[in-house]
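Asker: Below is entry-v7.cif; it holds mmCIF, C-alpha atoms.
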data_start
loop_
_atom_site.group_PDB
_atom_site.id
_atom_site.type_symbol
_atom_site.label_atom_id
_atom_site.label_comp_id
_atom_site.auth_asym_id
_atom_site.auth_seq_id
_atom_site.Cartn_x
_atom_site.Cartn_y
_atom_site.Cartn_z
ATOM 1 C CA MET L 22 -123.206 66.352 -51.735
ATOM 2 C CA SER L 23 -121.276 64.002 -54.006
ATOM 3 C CA TRP L 24 -117.932 62.519 -53.000
ATOM 4 C CA GLN L 25 -116.297 64.480 -55.816
ATOM 5 C CA SER L 26 -117.602 67.744 -54.393
ATOM 6 C CA TYR L 27 -116.032 66.887 -51.028
ATOM 7 C CA VAL L 28 -112.673 66.524 -52.778
ATOM 8 C CA ASP L 29 -113.144 69.643 -54.919
ATOM 9 C CA ASP L 30 -114.885 71.987 -52.459
ATOM 10 C CA GLN L 31 -113.712 70.866 -49.013
ATOM 11 C CA LEU L 32 -110.117 69.890 -49.795
ATOM 12 C CA ILE L 33 -108.685 71.248 -53.083
ATOM 13 C CA ALA L 34 -110.549 74.586 -52.905
ATOM 14 C CA THR L 35 -108.774 75.410 -49.622
ATOM 15 C CA LYS L 36 -105.504 75.816 -51.598
ATOM 16 C CA VAL L 37 -103.839 73.926 -48.740
ATOM 17 C CA VAL L 38 -104.311 70.493 -50.315
ATOM 18 C CA LYS L 39 -102.630 69.882 -53.691
ATOM 19 C CA ASP L 40 -104.156 66.450 -54.399
ATOM 20 C CA ALA L 41 -106.763 64.360 -52.620
ATOM 21 C CA VAL L 42 -108.633 61.085 -52.790
ATOM 22 C CA ILE L 43 -111.533 59.654 -50.822
ATOM 23 C CA ALA L 44 -111.855 55.875 -50.902
ATOM 24 C CA GLY L 45 -113.565 53.023 -49.119
ATOM 25 C CA HIS L 46 -111.750 50.733 -46.699
ATOM 26 C CA ASP L 47 -111.506 48.202 -49.550
ATOM 27 C CA GLY L 48 -109.327 50.651 -51.502
ATOM 28 C CA ASN L 49 -111.989 51.464 -54.101
ATOM 29 C CA ILE L 50 -111.747 55.124 -55.057
ATOM 30 C CA TRP L 51 -114.923 57.181 -54.551
ATOM 31 C CA ALA L 52 -113.491 60.534 -55.706
ATOM 32 C CA THR L 53 -110.101 61.971 -56.599
ATOM 33 C CA SER L 54 -108.479 65.142 -57.819
ATOM 34 C CA PRO L 55 -107.335 65.150 -61.474
ATOM 35 C CA GLY L 56 -103.874 63.716 -62.016
ATOM 36 C CA PHE L 57 -103.525 62.149 -58.551
ATOM 37 C CA GLY L 58 -102.367 58.697 -59.603
ATOM 38 C CA VAL L 59 -103.066 56.776 -56.414
ATOM 39 C CA THR L 60 -104.185 53.185 -57.034
ATOM 40 C CA PRO L 61 -106.693 51.003 -55.171
ATOM 41 C CA ALA L 62 -103.877 48.536 -54.396
ATOM 42 C CA GLU L 63 -101.772 51.299 -52.770
ATOM 43 C CA LEU L 64 -104.774 52.438 -50.749
ATOM 44 C CA LYS L 65 -105.599 48.905 -49.597
ATOM 45 C CA THR L 66 -102.020 48.394 -48.393
ATOM 46 C CA ILE L 67 -102.055 51.679 -46.484
ATOM 47 C CA ILE L 68 -105.513 51.105 -44.974
ATOM 48 C CA THR L 69 -104.499 47.633 -43.798
ATOM 49 C CA ASN L 70 -101.555 49.157 -41.899
ATOM 50 C CA VAL L 71 -103.205 52.246 -40.359
ATOM 51 C CA GLY L 72 -102.309 52.110 -36.674
ATOM 52 C CA ASN L 73 -99.372 49.736 -37.238
ATOM 53 C CA SER L 74 -96.437 52.095 -36.726
ATOM 54 C CA GLU L 75 -93.853 49.302 -36.851
ATOM 55 C CA VAL L 76 -94.773 48.234 -40.404
ATOM 56 C CA LEU L 77 -95.189 51.831 -41.590
ATOM 57 C CA ALA L 78 -91.836 52.904 -40.105
ATOM 58 C CA VAL L 79 -90.018 50.119 -41.968
ATOM 59 C CA ASN L 80 -91.876 50.291 -45.301
ATOM 60 C CA GLY L 81 -93.127 53.870 -45.495
ATOM 61 C CA ILE L 82 -96.216 54.435 -47.616
ATOM 62 C CA THR L 83 -96.559 54.544 -51.388
ATOM 63 C CA VAL L 84 -99.051 56.980 -52.901
ATOM 64 C CA GLY L 85 -99.246 57.552 -56.639
ATOM 65 C CA GLY L 86 -96.112 55.498 -57.180
ATOM 66 C CA ILE L 87 -94.082 57.714 -54.832
ATOM 67 C CA LYS L 88 -92.715 56.270 -51.589
ATOM 68 C CA TYR L 89 -93.061 58.579 -48.582
ATOM 69 C CA MET L 90 -91.262 58.251 -45.258
ATOM 70 C CA PHE L 91 -93.645 57.545 -42.394
ATOM 71 C CA LEU L 92 -93.379 60.306 -39.760
ATOM 72 C CA SER L 93 -96.072 59.482 -37.228
ATOM 73 C CA GLY L 94 -99.565 58.178 -36.826
ATOM 74 C CA THR L 95 -102.388 57.051 -34.590
ATOM 75 C CA ASP L 96 -105.163 54.485 -34.941
ATOM 76 C CA ASN L 97 -106.746 56.608 -37.690
ATOM 77 C CA ILE L 98 -104.081 59.103 -38.868
ATOM 78 C CA ILE L 99 -100.904 58.721 -40.943
ATOM 79 C CA ARG L 100 -98.354 61.480 -41.575
ATOM 80 C CA ALA L 101 -95.639 60.957 -44.188
ATOM 81 C CA LYS L 102 -93.174 63.118 -46.109
ATOM 82 C CA LYS L 103 -90.838 63.079 -49.097
ATOM 83 C CA GLY L 104 -88.773 66.165 -49.796
ATOM 84 C CA ALA L 105 -91.038 69.197 -50.233
ATOM 85 C CA THR L 106 -94.241 67.138 -50.311
ATOM 86 C CA GLY L 107 -96.167 65.238 -47.711
ATOM 87 C CA ILE L 108 -99.210 63.080 -47.108
ATOM 88 C CA HIS L 109 -101.848 63.398 -44.422
ATOM 89 C CA LEU L 110 -104.293 60.513 -44.210
ATOM 90 C CA MET L 111 -107.343 60.047 -42.019
ATOM 91 C CA LYS L 112 -109.365 56.850 -41.722
ATOM 92 C CA THR L 113 -113.043 57.301 -40.849
ATOM 93 C CA VAL L 114 -115.789 54.758 -40.119
ATOM 94 C CA GLN L 115 -116.213 53.729 -43.779
ATOM 95 C CA ALA L 116 -113.734 55.847 -45.738
ATOM 96 C CA VAL L 117 -110.174 57.033 -45.941
ATOM 97 C CA ILE L 118 -109.129 60.549 -46.937
ATOM 98 C CA VAL L 119 -105.641 60.976 -48.406
ATOM 99 C CA CYS L 120 -104.338 64.498 -48.980
ATOM 100 C CA ARG L 121 -101.020 65.584 -50.477
ATOM 101 C CA TYR L 122 -99.495 68.984 -49.786
ATOM 102 C CA VAL L 123 -96.536 70.773 -51.339
ATOM 103 C CA GLU L 124 -94.324 73.445 -49.747
ATOM 104 C CA PRO L 125 -94.819 76.282 -48.833
ATOM 105 C CA ILE L 126 -97.859 74.608 -47.237
ATOM 106 C CA VAL L 127 -96.875 73.213 -43.847
ATOM 107 C CA PRO L 128 -98.082 69.832 -42.563
ATOM 108 C CA GLU L 129 -100.314 71.372 -39.875
ATOM 109 C CA GLN L 130 -102.338 73.266 -42.478
ATOM 110 C CA CYS L 131 -103.037 70.108 -44.478
ATOM 111 C CA ALA L 132 -103.766 68.165 -41.282
ATOM 112 C CA THR L 133 -106.371 70.703 -40.151
ATOM 113 C CA VAL L 134 -108.279 70.552 -43.457
ATOM 114 C CA THR L 135 -108.046 66.745 -43.745
ATOM 115 C CA GLU L 136 -109.121 66.086 -40.172
ATOM 116 C CA LYS L 137 -111.963 68.607 -40.290
ATOM 117 C CA LEU L 138 -113.543 66.708 -43.191
ATOM 118 C CA GLY L 139 -112.729 63.375 -41.537
ATOM 119 C CA GLU L 140 -114.416 64.389 -38.289
ATOM 120 C CA TYR L 141 -117.482 65.535 -40.225
ATOM 121 C CA LEU L 142 -117.690 62.220 -42.088
ATOM 122 C CA ILE L 143 -117.388 60.316 -38.793
ATOM 123 C CA SER L 144 -120.211 62.443 -37.329
ATOM 124 C CA VAL L 145 -122.547 61.390 -40.162
ATOM 125 C CA GLY L 146 -121.581 57.715 -40.058
ATOM 126 C CA TYR L 147 -118.993 57.630 -42.826
#
Give the structure from this file in structure tokens form.
Answerer:
Amino acid sequence: MSWQSYVDDQLIATKVVKDAVIAGHDGNIWATSPGFGVTPAELKTIITNVGNSEVLAVNGITVGGIKYMFLSGTDNIIRAKKGATGIHLMKTVQAVIVCRYVEPIVPEQCATVTEKLGEYLISVGY
């Protein structure tokens, strides 16, 4: 399966995720949904700070030129929100999955889809 098919079939097709990107830890984009303007530089900044709640709480995260307020996170998860939209990010062994949702989708729905794919990628070494 190509990286693009993961974005299209495992994330966007669920109707729970509005936009998604899968990238390497270096910020290079492997696959993205059309019109999701996230940049490699934004991804690199986020990836560098995954697990660093202090930095994320002060600076938030910027995805596609939009700054989101950091809500919570772990060593491999970031949750952020701005108005009616939010971001759920999961870092795997070699990749990072960033998903954006829009109300009426609730954060838990997006988290379930994002983390399911993330756990699968971890299980196969990605």
Asker: Could you please determine the separation between CA of Leu77 (chain L) and CA of Gln25 (chain L) in Å, to one decimal place?
Answerer: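 Atom-to-atom, CA of Leu77 (chain L) and CA of Gln25 (chain L) are spaced 28.4 Å apart.
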Asker: Just give me the gap between CA of Glu63 (chain L) and CA of Val84 (chain L) in Å, one decimal is fine.
Answerer: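 For CA of Glu63 (chain L) relative to CA of Val84 (chain L), the distance reads 6.3 Å.
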Asker: On this structure, which residues satisfy the PyMOL selection byres ((chain L and resi 44) around 10), written as an MDAnalysis selection string?
Answerer: chainID L and resid 24 42:43 45:53 61 64:65 68 112 115:119
Asker: Restricting the calculation to all atoms listed in the file: of L:Ser54, L:Thr69, L:Gly86, L:Ala62, which residue gets closest to Val38 (chain L)?
Answerer: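 So, comparing all the options, the nearest one is L:Ser54.
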Asker: Using all atoms listed in the file, can you tell me which of L:Pro125, L:Gly107, L:Gly85, L:Gly146 comes closest to Lys36 (chain L)?
Answerer: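 The answer is L:Pro125, which sits nearest to Lys36 (chain L).
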Asker: Evaluate the PyMOL selection byres ((chain L and resi 138) around 10) against this structure - the residues, as a list of chain:residue names, please.
Answerer: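 For this structure, the PyMOL selection byres ((chain L and resi 138) around 10) captures L:Tyr27, L:Val28, L:Gln31, L:Leu32, L:Met111, L:Thr113, L:Ile118, L:Thr133, L:Val134, L:Thr135, L:Glu136, L:Lys137, L:Gly139, L:Glu140, L:Tyr141, L:Leu142, L:Ile143, L:Ser144.
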Asker: Only C-alpha atoms, please: the residues just picked out, written as a CSV table (one decimal), in the coordinates of the input.
Answerer:
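Output file selection38.csv is given in full below:
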chain,number,residue,atom,x,y,z
L,27,TYR,CA,-116.0,66.9,-51.0
L,28,VAL,CA,-112.7,66.5,-52.8
L,31,GLN,CA,-113.7,70.9,-49.0
L,32,LEU,CA,-110.1,69.9,-49.8
L,111,MET,CA,-107.3,60.0,-42.0
L,113,THR,CA,-113.0,57.3,-40.8
L,118,ILE,CA,-109.1,60.5,-46.9
L,133,THR,CA,-106.4,70.7,-40.2
L,134,VAL,CA,-108.3,70.6,-43.5
L,135,THR,CA,-108.0,66.7,-43.7
L,136,GLU,CA,-109.1,66.1,-40.2
L,137,LYS,CA,-112.0,68.6,-40.3
L,139,GLY,CA,-112.7,63.4,-41.5
L,140,GLU,CA,-114.4,64.4,-38.3
L,141,TYR,CA,-117.5,65.5,-40.2
L,142,LEU,CA,-117.7,62.2,-42.1
L,143,ILE,CA,-117.4,60.3,-38.8
L,144,SER,CA,-120.2,62.4,-37.3
Asker: Near Ile87 (chain L), within 12 Å and counting only C-alpha atoms, which residues show up once chain neighbours fewer than 3 positions away are dropped, as a PDB file with C-alpha atoms, in the frame of the given file?
Answerer:
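Contents of out.pdb, freshly written:
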ATOM      1  CA  PHE L  57    -103.525  62.149 -58.551  1.00  0.00           C
ATOM      2  CA  GLY L  58    -102.367  58.697 -59.603  1.00  0.00           C
ATOM      3  CA  VAL L  59    -103.066  56.776 -56.414  1.00  0.00           C
ATOM      4  CA  THR L  60    -104.185  53.185 -57.034  1.00  0.00           C
ATOM      5  CA  GLU L  63    -101.772  51.299 -52.770  1.00  0.00           C
ATOM      6  CA  GLY L  81     -93.127  53.870 -45.495  1.00  0.00           C
ATOM      7  CA  ILE L  82     -96.216  54.435 -47.616  1.00  0.00           C
ATOM      8  CA  THR L  83     -96.559  54.544 -51.388  1.00  0.00           C
ATOM      9  CA  VAL L  84     -99.051  56.980 -52.901  1.00  0.00           C
ATOM     10  CA  MET L  90     -91.262  58.251 -45.258  1.00  0.00           C
ATOM     11  CA  ALA L 101     -95.639  60.957 -44.188  1.00  0.00           C
ATOM     12  CA  LYS L 102     -93.174  63.118 -46.109  1.00  0.00           C
ATOM     13  CA  LYS L 103     -90.838  63.079 -49.097  1.00  0.00           C
ATOM     14  CA  GLY L 104     -88.773  66.165 -49.796  1.00  0.00           C
ATOM     15  CA  THR L 106     -94.241  67.138 -50.311  1.00  0.00           C
ATOM     16  CA  GLY L 107     -96.167  65.238 -47.711  1.00  0.00           C
ATOM     17  CA  ILE L 108     -99.210  63.080 -47.108  1.00  0.00           C
ATOM     18  CA  ARG L 121    -101.020  65.584 -50.477  1.00  0.00           C
TER      19      ARG L 121
END
Asker: Which value, in Å to one decimal, gives the distance between CA of Ala105 (chain L) and CA of Lys88 (chain L)?
Answerer: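 Interatomic distance here is 13.1 Å.
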Asker: Hey, can I get the axis-aligned box for region 106-113 of chain L? All listed atoms, 8 Å padding on each side, centre and edge lengths in Å to one decimal, as JSON.
Answerer:
{"center_x": -103.6, "center_y": 62.0, "center_z": -45.6, "size_x": 34.8, "size_y": 26.3, "size_z": 25.5}
